[in-house]
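K.L.:
So I've got this file, structure03.cif, and it contains mmCIF, C-alpha atoms:
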data_start
loop_
_atom_site.label_atom_id
_atom_site.label_comp_id
_atom_site.auth_asym_id
_atom_site.auth_seq_id
_atom_site.Cartn_x
_atom_site.Cartn_y
_atom_site.Cartn_z
CA MET A 1 -20.91 -14.43 -6.34
CA ARG A 2 -17.89 -14.36 -8.60
CA LYS A 3 -18.99 -14.00 -12.18
CA SER A 4 -15.87 -15.42 -13.73
CA ALA A 5 -16.34 -18.88 -12.24
CA SER A 6 -15.15 -20.79 -15.31
CA ILE A 7 -12.11 -18.57 -15.79
CA ARG A 8 -9.80 -17.96 -12.84
CA CYS A 9 -8.14 -14.57 -12.98
CA ALA A 10 -5.24 -13.90 -10.66
CA ALA A 11 -3.55 -10.55 -10.29
CA PHE A 12 0.19 -10.41 -9.63
CA ALA A 13 1.72 -7.25 -8.23
CA ALA A 14 4.84 -6.10 -6.42
CA ALA A 15 4.54 -2.99 -4.29
CA SER A 16 6.45 -1.00 -1.72
CA ILE A 17 5.29 -1.05 1.91
CA ASP A 18 3.25 2.05 1.08
CA GLY A 19 1.48 0.47 -1.87
CA ARG A 20 3.40 1.96 -4.78
CA ILE A 21 4.10 -0.21 -7.81
CA ALA A 22 6.40 2.14 -9.74
CA GLN A 23 7.93 5.59 -9.81
CA SER A 24 5.95 6.46 -12.95
CA SER A 25 3.83 4.63 -15.51
CA THR A 26 6.80 4.23 -17.84
CA SER A 27 9.38 3.07 -15.29
CA GLY A 28 10.28 -0.59 -14.87
CA THR A 29 10.31 -2.85 -11.86
CA ASP A 30 14.08 -3.20 -11.45
CA TRP A 31 13.69 -2.55 -7.70
CA THR A 32 11.90 -5.83 -7.00
CA SER A 33 13.77 -8.77 -5.49
CA ALA A 34 15.12 -11.76 -7.40
CA GLU A 35 12.88 -13.95 -5.25
CA ASP A 36 9.76 -12.09 -6.36
CA TRP A 37 10.88 -12.23 -9.99
CA ARG A 38 11.28 -16.01 -9.78
CA PHE A 39 7.85 -16.42 -8.19
CA PHE A 40 6.30 -14.16 -10.85
CA GLN A 41 7.89 -15.98 -13.78
CA THR A 42 7.00 -19.42 -12.41
CA SER A 43 3.40 -18.30 -11.86
CA LEU A 44 3.05 -16.85 -15.35
CA LYS A 45 4.07 -20.16 -16.89
CA GLU A 46 0.91 -21.69 -15.42
CA MET A 47 -1.31 -19.05 -16.99
CA ASP A 48 -3.09 -19.56 -20.33
CA ALA A 49 -3.00 -15.83 -20.99
CA VAL A 50 -1.94 -12.55 -19.45
CA ILE A 51 -3.75 -9.19 -19.27
CA ALA A 52 -1.61 -6.04 -19.26
CA GLY A 53 -2.05 -2.35 -19.77
CA ARG A 54 -0.34 -0.63 -22.67
CA SER A 55 2.48 0.95 -20.61
CA THR A 56 3.14 -2.32 -18.79
CA TYR A 57 3.20 -4.11 -22.13
CA GLU A 58 5.70 -1.60 -23.56
CA VAL A 59 8.00 -2.04 -20.55
CA ALA A 60 7.84 -5.86 -20.70
CA LYS A 61 7.35 -6.36 -24.45
CA ASP A 62 10.25 -8.82 -24.86
CA LYS A 63 8.66 -11.26 -22.46
CA LEU A 64 4.95 -10.62 -23.05
CA SER A 65 5.01 -10.72 -26.86
CA LYS A 66 5.84 -14.44 -26.72
CA ARG A 67 2.75 -15.27 -24.64
CA ASN A 68 -0.99 -15.06 -25.13
CA THR A 69 -1.17 -11.45 -24.06
CA ILE A 70 -4.21 -9.22 -23.99
CA VAL A 71 -3.23 -5.56 -23.96
CA LEU A 72 -5.93 -3.20 -22.73
CA THR A 73 -5.66 0.08 -24.57
CA SER A 74 -7.73 2.99 -25.76
CA LYS A 75 -5.50 3.30 -28.83
CA VAL A 76 -7.41 0.69 -30.89
CA ARG A 77 -11.02 1.06 -31.96
CA ASP A 78 -12.16 -2.34 -30.61
CA ILE A 79 -9.76 -5.23 -31.23
CA ARG A 80 -6.53 -5.76 -33.11
CA ILE A 81 -4.68 -9.05 -33.26
CA SER A 82 -0.93 -9.22 -33.77
CA GLY A 83 0.41 -12.77 -33.47
CA SER A 84 -0.15 -13.97 -29.89
CA VAL A 85 -0.85 -10.41 -28.72
CA VAL A 86 -4.39 -9.03 -28.81
CA PHE A 87 -5.03 -5.33 -28.31
CA ILE A 88 -8.47 -4.70 -26.89
CA ASN A 89 -10.27 -1.47 -26.11
CA PRO A 90 -12.42 -2.54 -23.15
CA LYS A 91 -14.81 0.37 -23.74
CA SER A 92 -15.92 -1.00 -27.09
CA TYR A 93 -15.04 -4.70 -26.93
CA ASP A 94 -16.21 -7.19 -24.28
CA LEU A 95 -13.06 -8.49 -22.54
CA LYS A 96 -14.91 -11.13 -20.57
CA LYS A 97 -16.57 -12.58 -23.67
CA PHE A 98 -13.20 -12.62 -25.41
CA LEU A 99 -11.64 -14.62 -22.57
CA GLN A 100 -14.57 -17.05 -22.59
CA SER A 101 -14.41 -17.47 -26.37
CA LYS A 102 -10.76 -18.45 -26.04
CA LYS A 103 -11.65 -21.02 -23.35
CA TYR A 104 -8.85 -19.77 -21.11
CA LYS A 105 -8.92 -21.35 -17.65
CA LYS A 106 -6.22 -19.33 -15.91
CA VAL A 107 -5.50 -15.71 -16.69
CA GLY A 108 -2.83 -13.57 -15.05
CA ILE A 109 -3.37 -9.85 -14.54
CA VAL A 110 -0.01 -8.12 -14.48
CA GLY A 111 -0.93 -4.45 -14.22
CA GLY A 112 -0.53 -1.56 -14.17
CA ALA A 113 -2.72 0.36 -11.77
CA LYS A 114 -5.54 1.07 -14.23
CA VAL A 115 -5.72 -2.55 -15.35
CA TYR A 116 -5.81 -3.87 -11.78
CA ASP A 117 -8.63 -1.43 -11.07
CA TYR A 118 -10.53 -2.30 -14.24
CA CYS A 119 -10.35 -6.05 -13.58
CA LEU A 120 -11.39 -5.66 -9.94
CA ARG A 121 -14.37 -3.46 -10.86
CA ARG A 122 -15.47 -5.82 -13.63
CA LYS A 123 -15.28 -8.84 -11.28
CA LEU A 124 -12.31 -10.26 -13.12
CA MET A 125 -10.03 -10.65 -10.12
CA ASP A 126 -10.51 -13.89 -8.21
CA GLU A 127 -7.12 -13.83 -6.56
CA LEU A 128 -4.44 -11.31 -5.73
CA PHE A 129 -0.80 -12.22 -5.20
CA LEU A 130 0.87 -9.20 -3.67
CA THR A 131 4.58 -9.05 -3.03
CA ILE A 132 5.59 -6.35 -0.57
CA GLU A 133 9.20 -5.29 -0.94
CA PRO A 134 10.75 -3.69 2.19
CA TYR A 135 10.86 -0.10 0.90
CA VAL A 136 8.87 3.05 1.36
CA PHE A 137 8.63 5.27 -1.74
CA THR A 138 6.29 8.02 -0.39
CA LYS A 139 5.26 8.84 -3.98
CA GLY A 140 4.68 7.00 -7.24
CA VAL A 141 2.04 4.92 -8.99
CA PRO A 142 -0.46 3.41 -6.54
CA LEU A 143 -1.38 -0.28 -6.80
CA PHE A 144 -4.95 0.51 -7.84
CA ALA A 145 -5.87 3.63 -9.82
CA GLY A 146 -9.51 3.90 -8.85
CA SER A 147 -11.84 6.73 -9.74
CA GLU A 148 -13.87 6.34 -6.56
CA PHE A 149 -13.38 5.02 -3.03
CA LYS A 150 -14.98 1.61 -2.54
CA LYS A 151 -14.47 -1.19 -0.04
CA TYR A 152 -13.72 -4.47 -1.80
CA ASN A 153 -13.43 -7.45 0.52
CA PHE A 154 -10.60 -9.93 0.36
CA LYS A 155 -9.53 -12.88 2.45
CA LEU A 156 -5.91 -13.66 3.21
CA LEU A 157 -5.02 -17.20 2.18
CA SER A 158 -1.30 -17.26 2.90
CA VAL A 159 1.76 -15.25 3.89
CA LYS A 160 5.23 -16.24 2.77
CA LYS A 161 8.56 -14.65 3.57
CA LEU A 162 10.65 -14.69 0.39
CA ASN A 163 14.06 -13.55 1.61
CA LYS A 164 16.15 -12.25 4.51
CA GLN A 165 15.39 -8.54 3.99
CA GLY A 166 11.74 -9.37 4.50
CA THR A 167 10.12 -9.39 1.11
CA ILE A 168 6.76 -11.02 1.73
CA LEU A 169 4.23 -12.59 -0.57
CA LEU A 170 0.57 -12.26 0.38
CA GLN A 171 -2.05 -14.40 -1.31
CA TYR A 172 -5.62 -13.08 -1.15
CA LYS A 173 -8.85 -14.32 -2.63
CA ASN A 174 -11.69 -12.02 -3.58
CA ALA A 175 -14.37 -12.25 -0.88
CA ASP A 176 -17.14 -10.16 -2.47
CA MET B 1 22.99 5.96 11.16
CA ARG B 2 19.73 6.77 12.89
CA LYS B 3 19.93 10.25 14.32
CA SER B 4 17.26 9.74 16.94
CA ALA B 5 19.22 7.11 18.85
CA SER B 6 18.17 8.29 22.30
CA ILE B 7 14.51 8.65 21.33
CA ARG B 8 12.79 5.71 19.69
CA CYS B 9 10.04 6.80 17.32
CA ALA B 10 7.60 4.16 16.10
CA ALA B 11 4.95 4.81 13.50
CA PHE B 12 1.62 3.01 13.77
CA ALA B 13 -0.63 2.79 10.75
CA ALA B 14 -3.51 0.72 9.43
CA ALA B 15 -3.93 0.52 5.68
CA SER B 16 -5.87 -1.34 3.04
CA ILE B 17 -4.08 -3.92 0.85
CA ASP B 18 -3.49 -1.10 -1.63
CA GLY B 19 -1.87 1.21 0.92
CA ARG B 20 -4.74 3.59 1.67
CA ILE B 21 -5.21 4.80 5.23
CA ALA B 22 -8.53 6.64 4.83
CA GLN B 23 -11.16 7.75 2.35
CA SER B 24 -10.28 11.40 2.96
CA SER B 25 -8.20 13.41 5.42
CA THR B 26 -11.26 14.06 7.61
CA SER B 27 -12.67 10.52 7.68
CA GLY B 28 -12.13 8.20 10.65
CA THR B 29 -10.76 4.69 10.84
CA ASP B 30 -14.02 2.86 11.62
CA TRP B 31 -13.13 0.26 8.97
CA THR B 32 -10.19 -1.17 10.92
CA SER B 33 -10.54 -4.41 12.87
CA ALA B 34 -11.11 -4.72 16.60
CA GLU B 35 -7.87 -6.68 16.79
CA ASP B 36 -5.89 -3.81 15.27
CA TRP B 37 -7.59 -1.34 17.58
CA ARG B 38 -6.57 -3.37 20.62
CA PHE B 39 -2.98 -3.63 19.42
CA PHE B 40 -2.89 0.11 18.71
CA GLN B 41 -4.29 1.12 22.11
CA THR B 42 -1.98 -1.27 23.98
CA SER B 43 1.03 0.07 22.07
CA LEU B 44 0.14 3.71 22.70
CA LYS B 45 0.08 3.07 26.44
CA GLU B 46 3.81 2.30 26.26
CA MET B 47 4.59 5.59 24.52
CA ASP B 48 5.72 8.69 26.40
CA ALA B 49 4.18 10.92 23.73
CA VAL B 50 2.37 10.79 20.43
CA ILE B 51 2.87 12.83 17.24
CA ALA B 52 -0.20 13.49 15.10
CA GLY B 53 -1.23 15.76 12.28
CA ARG B 54 -3.98 18.30 12.77
CA SER B 55 -6.69 16.33 10.94
CA THR B 56 -5.78 13.11 12.73
CA TYR B 57 -5.86 15.00 16.03
CA GLU B 58 -9.31 16.42 15.25
CA VAL B 59 -10.67 12.94 14.44
CA ALA B 60 -9.18 11.37 17.60
CA LYS B 61 -9.32 14.38 19.95
CA ASP B 62 -11.16 12.52 22.74
CA LYS B 63 -8.35 10.03 23.10
CA LEU B 64 -5.34 12.14 22.17
CA SER B 65 -6.12 15.18 24.33
CA LYS B 66 -5.49 13.07 27.46
CA ARG B 67 -1.98 12.10 26.38
CA ASN B 68 1.25 13.93 25.76
CA THR B 69 0.35 14.77 22.20
CA ILE B 70 2.35 16.82 19.73
CA VAL B 71 0.17 18.13 16.94
CA LEU B 72 2.06 19.14 13.81
CA THR B 73 0.26 22.05 12.19
CA SER B 74 0.89 25.09 10.04
CA LYS B 75 -1.87 26.94 11.90
CA VAL B 76 0.39 28.08 14.77
CA ARG B 77 3.34 30.41 14.36
CA ASP B 78 5.87 28.18 16.16
CA ILE B 79 4.56 26.50 19.32
CA ARG B 80 1.41 26.67 21.40
CA ILE B 81 0.87 24.62 24.55
CA SER B 82 -2.60 23.61 25.71
CA GLY B 83 -2.49 21.26 28.70
CA SER B 84 -0.85 18.00 27.63
CA VAL B 85 -1.24 18.93 23.96
CA VAL B 86 1.49 20.90 22.19
CA PHE B 87 0.87 22.41 18.77
CA ILE B 88 4.07 22.76 16.78
CA ASN B 89 4.71 24.25 13.37
CA PRO B 90 7.64 22.11 12.22
CA LYS B 91 8.69 24.75 9.69
CA SER B 92 9.51 27.27 12.40
CA TYR B 93 10.06 25.12 15.51
CA ASP B 94 12.52 22.23 15.87
CA LEU B 95 10.47 19.11 16.61
CA LYS B 96 13.50 16.95 17.31
CA LYS B 97 14.90 19.40 19.84
CA PHE B 98 11.50 19.61 21.50
CA LEU B 99 11.33 15.82 21.90
CA GLN B 100 14.87 15.77 23.30
CA SER B 101 14.13 18.60 25.74
CA LYS B 102 11.20 16.59 27.09
CA LYS B 103 13.46 13.54 27.54
CA TYR B 104 10.91 11.29 25.86
CA LYS B 105 12.23 7.78 25.26
CA LYS B 106 9.40 6.32 23.18
CA VAL B 107 7.30 8.36 20.81
CA GLY B 108 4.43 7.05 18.69
CA ILE B 109 3.69 8.53 15.27
CA VAL B 110 0.02 8.08 14.51
CA GLY B 111 -0.39 9.87 11.18
CA GLY B 112 -1.78 10.98 8.87
CA ALA B 113 0.04 10.71 5.58
CA LYS B 114 1.88 14.04 5.77
CA VAL B 115 3.09 13.35 9.31
CA TYR B 116 4.35 9.87 8.42
CA ASP B 117 6.19 11.42 5.48
CA TYR B 118 7.61 14.28 7.54
CA CYS B 119 8.91 11.97 10.28
CA LEU B 120 10.45 9.55 7.79
CA ARG B 121 12.20 12.35 5.89
CA ARG B 122 13.47 13.92 9.12
CA LYS B 123 14.86 10.57 10.34
CA LEU B 124 12.28 10.37 13.07
CA MET B 125 10.93 6.92 12.21
CA ASP B 126 12.89 4.06 13.72
CA GLU B 127 10.13 1.53 13.44
CA LEU B 128 6.95 1.08 11.46
CA PHE B 129 4.05 -1.07 12.64
CA LEU B 130 1.75 -1.52 9.68
CA THR B 131 -1.56 -3.30 9.95
CA ILE B 132 -2.96 -4.42 6.60
CA GLU B 133 -6.72 -4.92 6.64
CA PRO B 134 -8.08 -7.28 3.95
CA TYR B 135 -9.70 -4.62 1.76
CA VAL B 136 -8.91 -2.85 -1.46
CA PHE B 137 -10.09 0.79 -1.64
CA THR B 138 -8.66 1.78 -5.07
CA LYS B 139 -8.73 5.44 -4.01
CA GLY B 140 -8.18 7.45 -0.83
CA VAL B 141 -5.38 8.86 1.28
CA PRO B 142 -2.07 7.04 0.68
CA LEU B 143 0.02 5.90 3.65
CA PHE B 144 2.80 8.38 2.87
CA ALA B 145 2.14 11.74 1.22
CA GLY B 146 5.59 12.38 -0.24
CA SER B 147 6.51 15.22 -2.52
CA GLU B 148 9.14 13.18 -4.35
CA PHE B 149 9.85 9.52 -5.10
CA LYS B 150 12.61 8.12 -2.88
CA LYS B 151 13.65 4.62 -1.86
CA TYR B 152 13.77 4.29 1.91
CA ASN B 153 15.02 0.92 3.13
CA PHE B 154 13.28 -1.07 5.81
CA LYS B 155 13.77 -4.53 7.27
CA LEU B 156 10.88 -6.77 8.22
CA LEU B 157 11.13 -7.88 11.84
CA SER B 158 7.89 -9.81 12.25
CA VAL B 159 4.57 -10.79 10.68
CA LYS B 160 1.53 -11.56 12.78
CA LYS B 161 -1.91 -12.65 11.70
CA LEU B 162 -4.44 -10.81 13.88
CA ASN B 163 -7.72 -12.51 12.95
CA LYS B 164 -9.52 -15.02 10.72
CA GLN B 165 -10.24 -12.62 7.84
CA GLY B 166 -6.53 -12.12 7.54
CA THR B 167 -5.70 -8.79 9.06
CA ILE B 168 -1.91 -8.84 9.37
CA LEU B 169 0.50 -6.79 11.40
CA LEU B 170 3.92 -6.13 9.89
CA GLN B 171 6.73 -4.82 12.04
CA TYR B 172 9.55 -3.07 10.18
CA LYS B 173 12.66 -1.29 11.33
CA ASN B 174 14.22 1.55 9.43
CA ALA B 175 17.31 0.21 7.63
CA ASP B 176 18.76 3.44 6.25
#
Step by step, read the file and then write its structure as structure tokens.
P.N.:
Amino acid sequence: MRKSASIRCAAFAAASIDGRIAQSSTSGTDWTSAEDWRFFQTSLKEMDAVIAGRSTYEVAKDKLSKRNTIVLTSKVRDIRISGSVVFINPKSYDLKKFLQSKKYKKVGIVGGAKVYDYCLRRKLMDELFLTIEPYVFTKGVPLFAGSEFKKYNFKLLSVKKLNKQGTILLQYKNAD
Amino acid sequence: MRKSASIRCAAFAAASIDGRIAQSSTSGTDWTSAEDWRFFQTSLKEMDAVIAGRSTYEVAKDKLSKRNTIVLTSKVRDIRISGSVVFINPKSYDLKKFLQSKKYKKVGIVGGAKVYDYCLRRKLMDELFLTIEPYVFTKGVPLFAGSEFKKYNFKLLSVKKLNKQGTILLQYKNAD
């Protein structure tokens, strides 16, 4: 049973063939295709709010500061509001209750690896849109930064080829 | 230019959505689908030889010891032959020359992570068949165990859905 039935949280990620989302936590995503970028931006427009980690927020500040953005960070005590951006420490402030209090219907999870992992563990990931760009990096930040191995079940809903090089977009729903 | 023009090396791997191939280097692949297993076994039959790492060989000894198997290992000085199984230390023995001397046409690379990385770096990976099972593991052995971040280019040749849960098989060719 999904616990976030009233809110639908969808994660958006772009990875290499070998599941890397970036070279390091402070590097951008300039290696992703224009087709993925368009899909990502169009999808975000449909979201009532976006959840991002602090590093991801810093990298994409220009865009995210204009939206309802929830930044997960250990740098605030519990919650700090700055315009449309809310900084939350998920260890001391209940993220799920915050989302419910705001009556958000659709929330986008935009990473990074720790945030994807946190949302999955806390049953806040109903869907996963994964773009696979046709590269192998062999090293870098993995899609999920988990502290323990666990088998989470998903179901593939669709596969879409986005361009000639073979960027593909996989849509999964959480099946746990 | 691919340097292994006369030999065609194809890597076969099964990974989770987040690019993990196993819980640890000594764990098996009992979590992969029957459909992937069938594809893998059928493909291996077409190969003249198989390259595996020592841990992968230990896990799949029953099957691999009957084939022409090249085990990459640091535990031998240069080369040790045992029936159809050849143990090679790639630091002191030239793997590419060995493959050429045997006149192999098709070689399968079956992992694990260090072997995939070694073959890619040494231009011994012309194709990559990646099965993505519909799970997220959040931790575990990554598909490629690289020592440095590098962008290797691939081109997607085909996508095939293998079952109802949404196991997919991606076929890439090396585009560097």
K.L.:
To one decimal in Å, tell me the separation between atom CA of Val115 of chain A and atom CA of Gln171 of chain A.
P.N.:
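According to the coordinates, atom CA of Val115 of chain A and atom CA of Gln171 of chain A are separated by 18.7 Å.
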K.L.:
Check the smallest atom-to-atom distance from each of B:Asp48, B:Ser43, B:Tyr152, B:Ala13 to Lys103 of chain B using all atoms listed in the file, then report the winner.
P.N.:
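Looking at the shortest contact to Lys103 of chain B, the residue is B:Asp48.
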K.L.:
Identify every residue of chain B that has at least one atom within 6 Å of any atom of chain A, counting all atoms listed in the file, and report the result as a list in words.
P.N.:
Asp18, Gly19, Pro134, Tyr135, Val136, Phe137, Thr138, Lys139, Leu143, Phe144, Ala145, Gly146, Glu148, Phe149, Lys150, Lys151, Tyr152, Asn153, Phe154, Lys155, Leu156, Gln165 and Gly166 of chain B
K.L.:
After superposing chain A onto chain B (least squares, all C-alpha atoms, pairing by order), export the transformed chain as a short mmCIF file (atom, residue, chain, number, x, y, z; two decimals) with C-alpha atoms, in the frame of the given file.
P.N.:
data_model
loop_
_atom_site.label_atom_id
_atom_site.label_comp_id
_atom_site.auth_asym_id
_atom_site.auth_seq_id
_atom_site.Cartn_x
_atom_site.Cartn_y
_atom_site.Cartn_z
CA MET A 1 22.97 5.97 11.08
CA ARG A 2 19.74 6.78 12.85
CA LYS A 3 19.90 10.25 14.29
CA SER A 4 17.25 9.75 16.91
CA ALA A 5 19.20 7.12 18.83
CA SER A 6 18.18 8.33 22.29
CA ILE A 7 14.52 8.66 21.34
CA ARG A 8 12.78 5.71 19.70
CA CYS A 9 10.03 6.79 17.34
CA ALA A 10 7.60 4.17 16.10
CA ALA A 11 4.95 4.81 13.50
CA PHE A 12 1.61 3.01 13.77
CA ALA A 13 -0.63 2.77 10.73
CA ALA A 14 -3.53 0.71 9.43
CA ALA A 15 -3.93 0.51 5.67
CA SER A 16 -5.87 -1.35 3.03
CA ILE A 17 -4.07 -3.92 0.86
CA ASP A 18 -3.47 -1.10 -1.61
CA GLY A 19 -1.88 1.21 0.93
CA ARG A 20 -4.74 3.58 1.68
CA ILE A 21 -5.21 4.81 5.23
CA ALA A 22 -8.53 6.64 4.82
CA GLN A 23 -11.17 7.73 2.35
CA SER A 24 -10.29 11.40 2.96
CA SER A 25 -8.21 13.40 5.43
CA THR A 26 -11.25 14.06 7.61
CA SER A 27 -12.69 10.53 7.68
CA GLY A 28 -12.13 8.19 10.61
CA THR A 29 -10.76 4.70 10.82
CA ASP A 30 -14.00 2.86 11.63
CA TRP A 31 -13.13 0.24 8.98
CA THR A 32 -10.19 -1.20 10.92
CA SER A 33 -10.56 -4.44 12.86
CA ALA A 34 -11.11 -4.73 16.61
CA GLU A 35 -7.86 -6.69 16.78
CA ASP A 36 -5.89 -3.82 15.25
CA TRP A 37 -7.58 -1.33 17.56
CA ARG A 38 -6.57 -3.37 20.61
CA PHE A 39 -2.97 -3.64 19.40
CA PHE A 40 -2.89 0.11 18.70
CA GLN A 41 -4.28 1.11 22.09
CA THR A 42 -1.97 -1.27 23.97
CA SER A 43 1.03 0.07 22.05
CA LEU A 44 0.14 3.70 22.70
CA LYS A 45 0.08 3.08 26.44
CA GLU A 46 3.80 2.30 26.26
CA MET A 47 4.58 5.58 24.52
CA ASP A 48 5.72 8.70 26.40
CA ALA A 49 4.19 10.92 23.74
CA VAL A 50 2.36 10.79 20.44
CA ILE A 51 2.86 12.82 17.24
CA ALA A 52 -0.21 13.50 15.09
CA GLY A 53 -1.21 15.76 12.27
CA ARG A 54 -3.96 18.30 12.79
CA SER A 55 -6.69 16.35 10.94
CA THR A 56 -5.77 13.13 12.74
CA TYR A 57 -5.86 15.01 16.03
CA GLU A 58 -9.32 16.44 15.26
CA VAL A 59 -10.66 12.97 14.43
CA ALA A 60 -9.19 11.40 17.60
CA LYS A 61 -9.31 14.40 19.95
CA ASP A 62 -11.17 12.58 22.75
CA LYS A 63 -8.38 10.07 23.12
CA LEU A 64 -5.33 12.16 22.18
CA SER A 65 -6.11 15.20 24.35
CA LYS A 66 -5.52 13.08 27.47
CA ARG A 67 -1.99 12.11 26.41
CA ASN A 68 1.25 13.93 25.76
CA THR A 69 0.35 14.77 22.20
CA ILE A 70 2.35 16.82 19.74
CA VAL A 71 0.17 18.12 16.94
CA LEU A 72 2.04 19.16 13.81
CA THR A 73 0.27 22.06 12.19
CA SER A 74 0.89 25.10 10.06
CA LYS A 75 -1.86 26.95 11.92
CA VAL A 76 0.40 28.12 14.79
CA ARG A 77 3.35 30.44 14.35
CA ASP A 78 5.87 28.19 16.17
CA ILE A 79 4.57 26.52 19.33
CA ARG A 80 1.44 26.66 21.43
CA ILE A 81 0.88 24.62 24.56
CA SER A 82 -2.59 23.62 25.72
CA GLY A 83 -2.49 21.28 28.71
CA SER A 84 -0.85 18.01 27.63
CA VAL A 85 -1.23 18.93 23.95
CA VAL A 86 1.49 20.90 22.18
CA PHE A 87 0.87 22.41 18.76
CA ILE A 88 4.07 22.76 16.79
CA ASN A 89 4.72 24.25 13.38
CA PRO A 90 7.66 22.11 12.22
CA LYS A 91 8.69 24.77 9.69
CA SER A 92 9.53 27.26 12.41
CA TYR A 93 10.06 25.13 15.52
CA ASP A 94 12.54 22.24 15.87
CA LEU A 95 10.47 19.11 16.61
CA LYS A 96 13.49 16.95 17.32
CA LYS A 97 14.90 19.40 19.86
CA PHE A 98 11.49 19.61 21.51
CA LEU A 99 11.34 15.82 21.90
CA GLN A 100 14.87 15.77 23.32
CA SER A 101 14.12 18.60 25.75
CA LYS A 102 11.20 16.59 27.09
CA LYS A 103 13.46 13.53 27.54
CA TYR A 104 10.91 11.28 25.86
CA LYS A 105 12.22 7.77 25.25
CA LYS A 106 9.38 6.31 23.19
CA VAL A 107 7.28 8.35 20.81
CA GLY A 108 4.41 7.05 18.70
CA ILE A 109 3.69 8.53 15.28
CA VAL A 110 0.02 8.08 14.50
CA GLY A 111 -0.39 9.87 11.19
CA GLY A 112 -1.77 11.02 8.88
CA ALA A 113 0.03 10.72 5.58
CA LYS A 114 1.86 14.05 5.78
CA VAL A 115 3.09 13.37 9.30
CA TYR A 116 4.35 9.88 8.42
CA ASP A 117 6.20 11.42 5.49
CA TYR A 118 7.62 14.28 7.55
CA CYS A 119 8.91 11.96 10.28
CA LEU A 120 10.45 9.54 7.77
CA ARG A 121 12.21 12.36 5.89
CA ARG A 122 13.50 13.93 9.11
CA LYS A 123 14.86 10.56 10.33
CA LEU A 124 12.29 10.36 13.07
CA MET A 125 10.94 6.92 12.21
CA ASP A 126 12.90 4.05 13.72
CA GLU A 127 10.11 1.53 13.44
CA LEU A 128 6.94 1.06 11.46
CA PHE A 129 4.04 -1.08 12.64
CA LEU A 130 1.75 -1.54 9.67
CA THR A 131 -1.57 -3.31 9.94
CA ILE A 132 -2.96 -4.43 6.59
CA GLU A 133 -6.71 -4.93 6.65
CA PRO A 134 -8.07 -7.30 3.94
CA TYR A 135 -9.70 -4.64 1.74
CA VAL A 136 -8.91 -2.87 -1.47
CA PHE A 137 -10.09 0.76 -1.64
CA THR A 138 -8.66 1.75 -5.08
CA LYS A 139 -8.72 5.42 -4.00
CA GLY A 140 -8.19 7.44 -0.84
CA VAL A 141 -5.38 8.85 1.29
CA PRO A 142 -2.08 7.05 0.69
CA LEU A 143 0.02 5.90 3.66
CA PHE A 144 2.79 8.37 2.87
CA ALA A 145 2.14 11.74 1.23
CA GLY A 146 5.56 12.37 -0.24
CA SER A 147 6.51 15.22 -2.52
CA GLU A 148 9.13 13.17 -4.34
CA PHE A 149 9.86 9.51 -5.09
CA LYS A 150 12.62 8.12 -2.89
CA LYS A 151 13.65 4.62 -1.87
CA TYR A 152 13.77 4.28 1.91
CA ASN A 153 15.02 0.92 3.14
CA PHE A 154 13.29 -1.09 5.81
CA LYS A 155 13.77 -4.52 7.29
CA LEU A 156 10.89 -6.78 8.22
CA LEU A 157 11.12 -7.88 11.85
CA SER A 158 7.89 -9.81 12.24
CA VAL A 159 4.58 -10.79 10.67
CA LYS A 160 1.54 -11.56 12.77
CA LYS A 161 -1.91 -12.66 11.70
CA LEU A 162 -4.44 -10.83 13.87
CA ASN A 163 -7.72 -12.51 12.95
CA LYS A 164 -9.51 -15.02 10.73
CA GLN A 165 -10.23 -12.63 7.84
CA GLY A 166 -6.50 -12.13 7.51
CA THR A 167 -5.69 -8.80 9.05
CA ILE A 168 -1.92 -8.86 9.38
CA LEU A 169 0.49 -6.81 11.41
CA LEU A 170 3.91 -6.13 9.90
CA GLN A 171 6.72 -4.81 12.05
CA TYR A 172 9.55 -3.07 10.18
CA LYS A 173 12.65 -1.28 11.36
CA ASN A 174 14.24 1.55 9.44
CA ALA A 175 17.31 0.20 7.63
CA ASP A 176 18.78 3.44 6.24
#
K.L.:
As JSON, what would the box around segment 163-167 of chain A look like: edges along x, y and z, 6 Å added on every side, centre and edge lengths in Å to one decimal?
P.N.:
{"center_x": 13.1, "center_y": -11.0, "center_z": 2.8, "size_x": 18.0, "size_y": 17.0, "size_z": 15.4}
K.L.:
To one decimal place in Å, what is the distance between atom CA of Leu99 of chain A and atom CA of Glu127 of chain A?
P.N.:
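Result for atom CA of Leu99 of chain A versus atom CA of Glu127 of chain A: 16.7 Å, one decimal.
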K.L.:
Could you tell me which residues the PyMOL selection byres ((chain A and resi 61-77) around 9) returns for this structure, as JSON, numbers by chain?
P.N.:
{"A": [48, 49, 50, 51, 52, 53, 54, 56, 57, 58, 59, 60, 78, 79, 80, 83, 84, 85, 86, 87, 88, 89, 90, 91, 92, 93, 95, 115]}
K.L.:
For atom CA of Asp94 of chain B and atom CA of Tyr118 of chain B, determine how far apart the two atoms are, in Å to one decimal place.
P.N.:
12.5 Å
K.L.:
I need every residue sitting at most 10 Å from the point (-7.3, -5.7, 15.8) (coordinates as in the file, only C-alpha atoms considered), written as number ranges by chain.
P.N.:
B: 14, 32-41, 131, 133, 161-163, 167-169
K.L.:
Between A:Ile7, A:Cys119, A:Ile132, A:Val110, which residue has the minimum interatomic distance to Ser55 of chain A, considering all atoms listed in the file?
P.N.:
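Of all the options, A:Val110 lies closest to Ser55 of chain A.
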